[in-house]
Structure formats: C-alpha cells, structure tokens
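The file structure_18.txt comes next; it holds compact mmCIF, C-alpha atoms and all ligand atoms.
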# COMPACT_ATOMS: atom_id res chain seq x y z
CA MET A 236 41.06 -54.91 -97.92
CA TYR A 237 43.96 -53.06 -96.42
CA LEU A 238 43.12 -50.67 -93.61
CA ARG A 239 46.22 -48.63 -94.24
CA GLU A 240 49.15 -48.06 -96.55
CA PRO A 241 52.33 -50.08 -96.04
CA CYS A 242 54.02 -48.78 -92.88
CA PHE A 243 57.21 -50.02 -91.25
CA ASP A 244 57.23 -47.61 -88.34
CA LEU A 245 56.28 -49.53 -85.21
CA GLU A 246 55.54 -46.25 -83.44
CA GLU A 247 52.74 -45.67 -85.96
CA LEU A 248 51.45 -49.25 -85.98
CA VAL A 249 50.94 -49.39 -82.21
CA LYS A 250 48.49 -46.51 -82.34
CA GLU A 251 45.91 -49.09 -83.35
CA ASN A 252 44.76 -52.25 -81.65
CA LEU A 253 43.06 -54.40 -84.26
CA HIS A 254 42.65 -57.56 -82.20
CA VAL A 255 40.45 -57.17 -79.14
CA HIS A 256 38.05 -59.79 -77.81
CA THR A 257 34.88 -58.98 -75.87
CA SER A 258 33.34 -61.21 -73.22
CA PHE A 259 31.33 -62.76 -76.07
CA SER A 260 34.42 -64.91 -76.63
CA GLY A 261 34.28 -67.59 -73.96
CA CYS A 262 38.04 -67.32 -73.39
CA ALA A 263 37.92 -63.56 -72.66
CA LYS A 264 37.47 -62.13 -69.16
CA PRO A 265 33.99 -60.93 -68.10
CA GLU A 266 35.48 -57.44 -67.71
CA MET A 267 35.73 -57.22 -71.52
CA ARG A 268 32.45 -55.34 -71.76
CA VAL A 269 32.16 -53.00 -74.69
CA LYS A 270 31.70 -49.93 -72.50
CA LEU A 271 34.85 -50.70 -70.51
CA ILE A 272 36.79 -51.47 -73.69
CA VAL A 273 35.89 -48.00 -74.99
CA GLU A 274 37.03 -46.39 -71.72
CA ARG A 275 40.30 -48.27 -71.85
CA ALA A 276 40.84 -47.31 -75.50
CA ARG A 277 40.38 -43.67 -74.49
CA GLU A 278 42.91 -43.97 -71.67
CA LEU A 279 45.40 -45.54 -74.03
CA LYS A 280 44.67 -42.93 -76.71
CA LEU A 281 44.22 -45.62 -79.32
CA GLN A 282 43.38 -44.31 -82.76
CA ARG A 283 41.44 -47.34 -83.95
CA VAL A 284 40.16 -50.53 -82.37
CA ALA A 285 38.77 -53.70 -83.94
CA LEU A 286 36.51 -56.00 -81.93
CA VAL A 287 37.08 -59.52 -83.22
CA ASP A 288 35.38 -62.29 -81.33
CA HIS A 289 35.94 -65.92 -82.18
CA PHE A 290 33.82 -67.50 -84.87
CA ASN A 291 34.36 -71.14 -83.97
CA HIS A 292 30.88 -72.41 -84.91
CA SER A 293 29.06 -71.80 -88.16
CA ASP A 294 25.96 -70.62 -86.26
CA THR A 295 27.74 -67.98 -84.16
CA PRO A 296 25.31 -64.99 -84.08
CA MET A 297 28.06 -62.54 -85.02
CA ILE A 298 25.91 -60.15 -87.05
CA GLU A 299 23.50 -59.55 -84.15
CA LYS A 300 26.33 -59.36 -81.65
CA ASN A 301 28.11 -56.76 -83.74
CA MET A 302 24.91 -54.73 -84.12
CA ALA A 303 24.54 -54.62 -80.34
CA ASP A 304 28.22 -53.70 -79.86
CA ARG A 305 27.97 -50.96 -82.47
CA PHE A 306 25.02 -49.48 -80.58
CA VAL A 307 26.82 -49.59 -77.24
CA VAL A 308 29.90 -47.91 -78.70
CA LYS A 309 27.68 -45.20 -80.19
CA LEU A 310 26.08 -44.60 -76.78
CA THR A 311 29.49 -43.84 -75.28
CA GLY A 312 29.90 -40.96 -77.73
CA THR A 313 33.52 -41.90 -78.41
CA GLU A 314 35.26 -40.50 -81.45
CA ILE A 315 37.64 -43.44 -81.68
CA PRO A 316 36.78 -45.42 -84.81
CA PHE A 317 35.71 -48.94 -83.90
CA LEU A 318 35.54 -51.81 -86.36
CA PHE A 319 33.06 -54.59 -85.70
CA GLY A 320 34.63 -57.70 -87.11
CA ALA A 321 35.40 -61.25 -86.13
CA GLU A 322 38.29 -63.63 -85.72
CA LEU A 323 37.12 -66.07 -88.35
CA SER A 324 38.22 -69.64 -88.82
CA ALA A 325 39.96 -70.92 -91.95
CA TYR A 326 40.05 -74.43 -90.54
CA GLY A 327 41.29 -76.32 -93.59
CA VAL A 328 42.23 -75.99 -97.25
CA GLY A 329 39.40 -73.96 -98.83
CA LYS A 330 37.33 -74.32 -95.64
CA TRP A 331 35.89 -71.57 -93.46
CA LEU A 332 33.01 -71.47 -91.01
CA ASP A 333 31.51 -68.12 -92.02
CA ASN A 334 29.09 -67.93 -94.92
CA ASP A 335 29.02 -65.08 -97.45
CA GLU A 336 26.29 -63.20 -95.59
CA VAL A 337 28.35 -63.08 -92.39
CA ASN A 338 31.53 -62.33 -94.30
CA ARG A 339 29.96 -59.33 -96.05
CA ALA A 340 28.44 -57.95 -92.84
CA LEU A 341 31.78 -57.62 -91.04
CA ASP A 342 33.84 -54.42 -90.90
CA TYR A 343 37.00 -56.42 -90.39
CA ARG A 344 37.65 -60.01 -91.38
CA LEU A 345 40.58 -61.27 -89.39
CA TYR A 346 41.17 -64.95 -90.14
CA ALA A 347 42.91 -67.43 -87.92
CA ALA A 348 44.34 -70.21 -90.07
CA ASN A 349 46.32 -72.00 -87.36
CA HIS A 350 43.99 -72.76 -84.45
CA TYR A 351 45.13 -76.37 -84.75
CA HIS A 352 44.23 -77.03 -81.11
CA LEU A 353 40.51 -76.92 -81.93
CA GLU A 354 38.70 -80.14 -82.66
CA ILE A 355 37.20 -78.90 -85.92
CA TRP A 356 40.60 -78.00 -87.35
CA GLU A 357 41.91 -80.03 -90.29
CA GLN A 358 45.30 -81.60 -89.54
CA PRO A 359 47.89 -82.57 -92.16
CA GLU A 360 48.42 -86.26 -92.78
CA GLU A 361 52.06 -85.93 -91.92
CA LYS A 362 52.23 -84.56 -88.40
CA THR A 363 55.71 -83.12 -88.64
CA PRO A 364 56.89 -79.51 -88.82
CA ARG A 365 57.19 -79.87 -92.60
CA GLY A 366 53.72 -81.44 -92.83
CA TYR A 367 52.23 -78.52 -90.92
CA ALA A 368 54.21 -75.98 -92.95
CA GLU A 369 52.92 -77.41 -96.24
CA HIS A 370 49.39 -77.50 -94.88
CA THR A 371 49.67 -73.88 -93.75
CA VAL A 372 50.80 -72.80 -97.22
CA LYS A 373 47.80 -74.52 -98.80
CA VAL A 374 45.29 -73.16 -96.27
CA LEU A 375 46.58 -69.59 -96.61
CA THR A 376 46.81 -69.74 -100.42
CA ALA A 377 43.19 -70.86 -100.73
CA LEU A 378 42.02 -68.30 -98.18
CA ILE A 379 43.84 -65.36 -99.74
CA GLU A 380 42.67 -66.30 -103.23
CA ALA A 381 39.06 -66.46 -102.00
CA ASP A 382 39.13 -62.67 -101.35
CA ARG A 383 37.32 -62.94 -98.04
CA ALA A 384 40.07 -61.92 -95.62
CA ASP A 385 41.32 -58.49 -94.58
CA CYS A 386 44.10 -59.81 -92.39
CA ILE A 387 45.65 -63.05 -91.16
CA ALA A 388 45.80 -63.39 -87.37
CA HIS A 389 49.02 -64.61 -85.68
CA PRO A 390 50.17 -65.82 -89.11
CA ILE A 391 52.10 -69.08 -89.61
CA TYR A 392 52.96 -69.41 -85.94
CA GLY A 393 52.92 -73.03 -84.78
CA GLY A 394 51.97 -72.34 -81.17
CA TYR A 395 48.60 -74.03 -81.44
CA VAL A 396 49.90 -77.30 -82.83
CA ARG A 397 49.68 -79.75 -79.95
CA VAL A 398 51.98 -82.40 -81.43
CA LEU A 399 54.87 -80.00 -82.04
CA GLU A 400 57.16 -79.72 -79.08
CA ASP A 401 59.06 -76.78 -80.55
CA LYS A 402 56.40 -74.29 -81.55
CA LYS A 403 58.84 -72.45 -83.80
CA ALA A 404 59.44 -75.55 -85.91
CA LEU A 405 56.42 -74.98 -88.16
CA ALA A 406 57.57 -71.61 -89.45
CA ALA A 407 61.18 -72.80 -89.62
CA ALA A 408 60.05 -75.64 -91.91
CA MET A 409 58.53 -73.17 -94.39
CA THR A 410 61.03 -72.24 -97.07
CA ASP A 411 61.87 -68.64 -97.90
CA GLU A 412 60.40 -69.18 -101.38
CA GLU A 413 57.11 -70.41 -99.94
CA LEU A 414 56.87 -67.54 -97.50
CA TYR A 415 57.81 -64.95 -100.11
CA LYS A 416 55.23 -66.28 -102.57
CA LEU A 417 52.51 -66.27 -99.91
CA MET A 418 53.33 -62.69 -99.02
CA LEU A 419 53.30 -61.67 -102.68
CA LEU A 420 49.90 -63.29 -103.11
CA ALA A 421 48.56 -61.46 -100.06
CA LYS A 422 49.83 -58.18 -101.49
CA LYS A 423 48.03 -58.87 -104.77
CA HIS A 424 44.77 -59.57 -102.90
CA ARG A 425 45.30 -56.75 -100.38
CA VAL A 426 45.37 -59.04 -97.39
CA ALA A 427 47.36 -57.74 -94.39
CA TRP A 428 49.49 -59.67 -91.89
CA GLU A 429 48.96 -59.23 -88.20
CA ILE A 430 51.74 -58.38 -85.82
CA ASN A 431 50.26 -60.15 -82.82
CA VAL A 432 52.39 -59.14 -79.85
CA GLY A 433 52.43 -62.49 -78.05
CA GLU A 434 53.12 -64.62 -81.11
CA ALA A 435 55.53 -62.10 -82.60
CA LEU A 436 57.76 -62.42 -79.54
CA ALA A 437 57.25 -66.17 -79.16
CA ASP A 438 58.70 -66.81 -82.62
CA PRO A 439 61.15 -63.95 -83.21
CA GLU A 440 62.77 -65.59 -86.24
CA LEU A 441 59.42 -65.79 -88.04
CA THR A 442 58.59 -62.21 -87.10
CA LYS A 443 61.90 -60.94 -88.42
CA ARG A 444 61.55 -62.90 -91.63
CA MET A 445 58.04 -61.62 -92.32
CA TRP A 446 59.07 -58.05 -91.57
CA ARG A 447 62.08 -58.30 -93.87
CA PHE A 448 60.09 -59.88 -96.69
CA GLY A 449 57.23 -57.46 -96.13
CA LYS A 450 59.55 -54.47 -96.52
CA GLU A 451 60.79 -55.87 -99.81
CA ILE A 452 57.28 -56.60 -101.09
CA GLY A 453 55.47 -53.57 -99.63
CA SER A 454 53.19 -55.71 -97.46
CA VAL A 455 50.77 -54.22 -95.00
CA PHE A 456 50.99 -55.13 -91.31
CA HIS A 457 48.21 -54.54 -88.82
CA PHE A 458 48.90 -54.45 -85.11
CA GLY A 459 46.93 -56.30 -82.46
CA THR A 460 47.44 -57.52 -78.91
CA ASP A 461 44.83 -60.30 -78.94
CA ALA A 462 43.48 -58.75 -75.73
CA HIS A 463 41.35 -61.05 -73.58
CA LEU A 464 41.54 -58.66 -70.61
CA LEU A 465 41.51 -54.88 -70.35
CA GLU A 466 45.10 -54.63 -69.23
CA ASN A 467 46.27 -56.29 -72.43
CA MET A 468 44.68 -53.68 -74.66
CA ASP A 469 47.85 -51.64 -74.18
CA THR A 470 49.75 -51.92 -77.46
CA ARG A 471 52.97 -50.60 -75.94
CA ILE A 472 53.55 -53.20 -73.24
CA HIS A 473 56.30 -55.00 -75.19
CA PHE A 474 57.23 -52.10 -77.43
CA ASP A 475 60.96 -52.11 -76.70
CA GLU A 476 61.38 -55.86 -77.27
CA LEU A 477 59.44 -55.69 -80.50
CA HIS A 478 61.26 -52.60 -81.67
CA LYS A 479 64.58 -54.31 -81.13
CA LEU A 480 63.37 -57.29 -83.10
CA LEU A 481 62.21 -55.24 -86.06
CA THR A 482 65.23 -53.03 -86.57
ZN ZN B 501 43.54 -66.65 -82.50
ZN ZN B 502 42.20 -63.70 -80.82

Represent the structure contained in this file as structure tokens.
Amino acid sequence: MYLREPCFDLEELVKENLHVHTSFSGCAKPEMRVKLIVERARELKLQRVALVDHFNHSDTPMIEKNMADRFVVKLTGTEIPFLFGAELSAYGVGKWLDNDEVNRALDYRLYAANHYHLEIWEQPEEKTPRGYAEHTVKVLTALIEADRADCIAHPIYGGYVRVLEDKKALAAAMTDEELYKLMLLAKKHRVAWEINVGEALADPELTKRMWRFGKEIGSVFHFGTDAHLLENMDTRIHFDELHKLLT
C-alpha cells in the first residue's frame, strides 16, 4: 500500500525517513538503539520513521522484535509516527523469505530485490548486465503481482552484484519499455519506489529515469537514507545534490 499520494517535491519527501535499521541488523552500529533513534528523529524533526531491519533468514523473529520496538517507542512518549516493518528479501523469481504471517504483521513491507551479494540470492544464468537486468524485471514483476510489498528498496540498482565492475550497467541494460512497464505495474498494485539516498546518487542516470517515468505515470516515491548509524538518519545530508538531479 502507498503511504502517501504521488509527490514530486523533494522538500516534502525528505520530511520522512522510511529506511532506518536498528542494532538488530548485524550490519548496523550498536548505537542504533530504538530510544536513541527516537531522540535523533526528534532532533531532525522527522515527520515519520520506518524501522526496517533485514530479514535475511526465514526464521528471523521479526514479529517479536517489532513488538518490543513498538513498546520502547511508546515509552518515549514521542508523537512522531513510527512504522515497524522490515527490509524483506525477494531473493529470486517468485521467492521471498517471509511467510504470510510475518508479512501481515508488518506495518511496512520494504522489499530488497537486489541483494545479489548474499549467498541465498538467486543469480541469473547469464552473468552479464543484460542477464541481471532481465532477472531483475522477472523478480520485481512476480513480487509486485504477489501484493505483498509496500515499497521496493534501492530499486534496480546493480551495486550489490559482485561480478559487475560497473555497478550502473545493470540499470543501463534495462530498456525504457521494461522500466516503464514495471513502474506501471507497481502503480496498479500500489507499490512505491524508494529514493535511497546512497543508491540514488551512485546511479544518477537510473534515478533520473525513474523520476521522469514516475512523474508521467503518477508513481509514488518514498524517501529513506538506509541509516545504519544515527548520523545517517538525517534526510537532508545530500539534499542539494539530489535536488539538482531531480530537476
Ligand atoms: Zn538493502
Ligand atoms: Zn537497508
């Protein structure tokens, strides 16, 4: 489900940070304690925050973890709306690690479909930019059609593909028709696209393309910094660069 109406005003989008990891994610810093995240969100005057820890194993106790986080946020008395979700794994065509019970229990289902660096991830037979682009189209089509995603994390970006030297080659190998059709499908199923600061700047061509197509289609973009440390919860760090890119 969309969290908002289509919006192409970056100034508005950066009021929310919908991609924050807690120390539950092994890759996040120990300082990412829920209480400190709330304090930081207050300092930054964020209007909404989503906690989305990695779901890289099918037995990840995400429901219990989210219940505990929800309680801790409530104790702080903050008025900032927090969403207790997960960064789920669509690790192949029609494959995801979460079951329906987990999926239904989450406030926000942010799916990564391109964590190709993980061992569990399905790889295309043809390990070329085009091979990965075709695989990405299939993975995202099946995921979107399954109606279990609210948003796609760092979409289409090839940064996690070990065998690709040029990380921008994956997206460049996806045709405009393929990308447009994917974005139309997401619109039909009310699945948003993440503007993930790091990836958005690492592949500016892709970011510009998705923004342009999204404006045409009326897509919804959600903003997230993929924060693994408190400092990176600030959604405005690269505002000027991003703004330049998207105008
Ligand atoms: Zn990710
Ligand atoms: Zn993440």

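Taking all atoms listed in the file into account, the protein and nucleic acid residues that come at most 9 Å from ligand ZN 502 (chain B) are His254, Val255, His256, Ser260, Val287, Asp288, His289, Ala321, Glu322, Ala347, Ala388, His389, Gly459, Thr460, Asp461, Ala462 and His463 of chain A.
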
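Minimum distance to ligand ZN 501 (chain B) across A:Met409, A:Ser324, A:Leu436, A:Phe474 (counting only C-alpha atoms and all ligand atoms) occurs at A:Ser324.
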
**Report entry** Residue with smallest distance to ligand ZN 501 (chain B) - pool A:Arg471, A:Arg283, A:Arg383, A:His352, counting only C-alpha atoms and all ligand atoms
**Finding:** A:His352

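Every residue within 6 Å of the file position (49.5, -56.0, -88.1), judged by all atoms listed in the file, is given as Trp428, Glu429, Ile430, Phe456, His457 and Phe458 of chain A.
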
Query - Residues within 12 Å of Glu278 (chain A), only C-alpha atoms, excluding chain neighbours under 4 positions, as number ranges by chain - result: A: 271-274, 282, 313, 315, 465-466, 468-470

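Straight-line separation from CA of Thr257 (chain A) to CA of Asp475 (chain A): 27.0 Å.
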
Requested in this report: Please identify all polymer residues within 7 Å of region 392-397 of chain A, counting all atoms listed in the file, omitting same-chain residues fewer than 3 positions from it, and present them as a list in words.
Outcome: Asn349, His350, Tyr351, His352, His389, Lys402, Lys403, Leu405, Ala406 and Glu434 of chain A

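Note that the spacing between CA of Asp411 (chain A) and CA of Leu480 (chain A) amounts to 18.7 Å.
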
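With all atoms listed in the file as the basis for measurement, A:Val328 is the residue among A:Leu419, A:Ala384, A:Ala340, A:Val328 that approaches Gln358 (chain A) most closely.
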
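Atom pair CA of Ala421 (chain A) / CA of Arg444 (chain A): separated by 15.6 Å.
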
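Distances to Asn467 (chain A) were evaluated for A:Arg275, A:Thr363, A:Cys262, A:Gly453 using only C-alpha atoms, and the minimum falls at A:Arg275.
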
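Using all atoms listed in the file, the shortest contact distance between ligand ZN 501 (chain B) and any of A:Pro359, A:Leu481, A:Lys280, A:Leu323 is found at A:Leu323.
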
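Nearest residue to Ile298 (chain A) among A:Arg339, A:Lys264, A:Lys423, A:His370 is A:Arg339, counting only C-alpha atoms.
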
What lies within 9 Å of region 299-308 of chain A using only C-alpha atoms, ignoring chain neighbours under 3 positions off, as an mmCIF file with C-alpha atoms, keeping the file's coordinate frame?
data_model
loop_
_atom_site.group_PDB
_atom_site.id
_atom_site.type_symbol
_atom_site.label_atom_id
_atom_site.label_comp_id
_atom_site.auth_asym_id
_atom_site.auth_seq_id
_atom_site.Cartn_x
_atom_site.Cartn_y
_atom_site.Cartn_z
ATOM 1 C CA PHE A 259 31.330 -62.760 -76.070
ATOM 2 C CA VAL A 269 32.160 -53.000 -74.690
ATOM 3 C CA LYS A 270 31.700 -49.930 -72.500
ATOM 4 C CA VAL A 273 35.890 -48.000 -74.990
ATOM 5 C CA LEU A 286 36.510 -56.000 -81.930
ATOM 6 C CA PRO A 296 25.310 -64.990 -84.080
ATOM 7 C CA THR A 311 29.490 -43.840 -75.280
ATOM 8 C CA GLY A 312 29.900 -40.960 -77.730
ATOM 9 C CA THR A 313 33.520 -41.900 -78.410
ATOM 10 C CA PHE A 317 35.710 -48.940 -83.900
ATOM 11 C CA LEU A 318 35.540 -51.810 -86.360
ATOM 12 C CA PHE A 319 33.060 -54.590 -85.700
ATOM 13 C CA GLY A 320 34.630 -57.700 -87.110
ATOM 14 C CA ALA A 321 35.400 -61.250 -86.130
ATOM 15 C CA LEU A 341 31.780 -57.620 -91.040
#

Return as AutoDock Vina command-line options the centre and edge lengths, in Å with one decimal, of the box along x, y and z that encloses every atom of region 353-367 of chain A in the file, padded by 4 Å per side.
--center_x 47.2 --center_y -81.6 --center_z -87.4 --size_x 28.0 --size_y 17.3 --size_z 18.9

**Report entry** Point (56.6, -48.0, -81.0) neighbourhood (8 Å, all atoms listed in the file) written as a list in words
**Finding:** Asp244, Leu245, Glu246, Glu247, Leu248, Val249, Arg471, Phe474, Asp475 and His478 of chain A
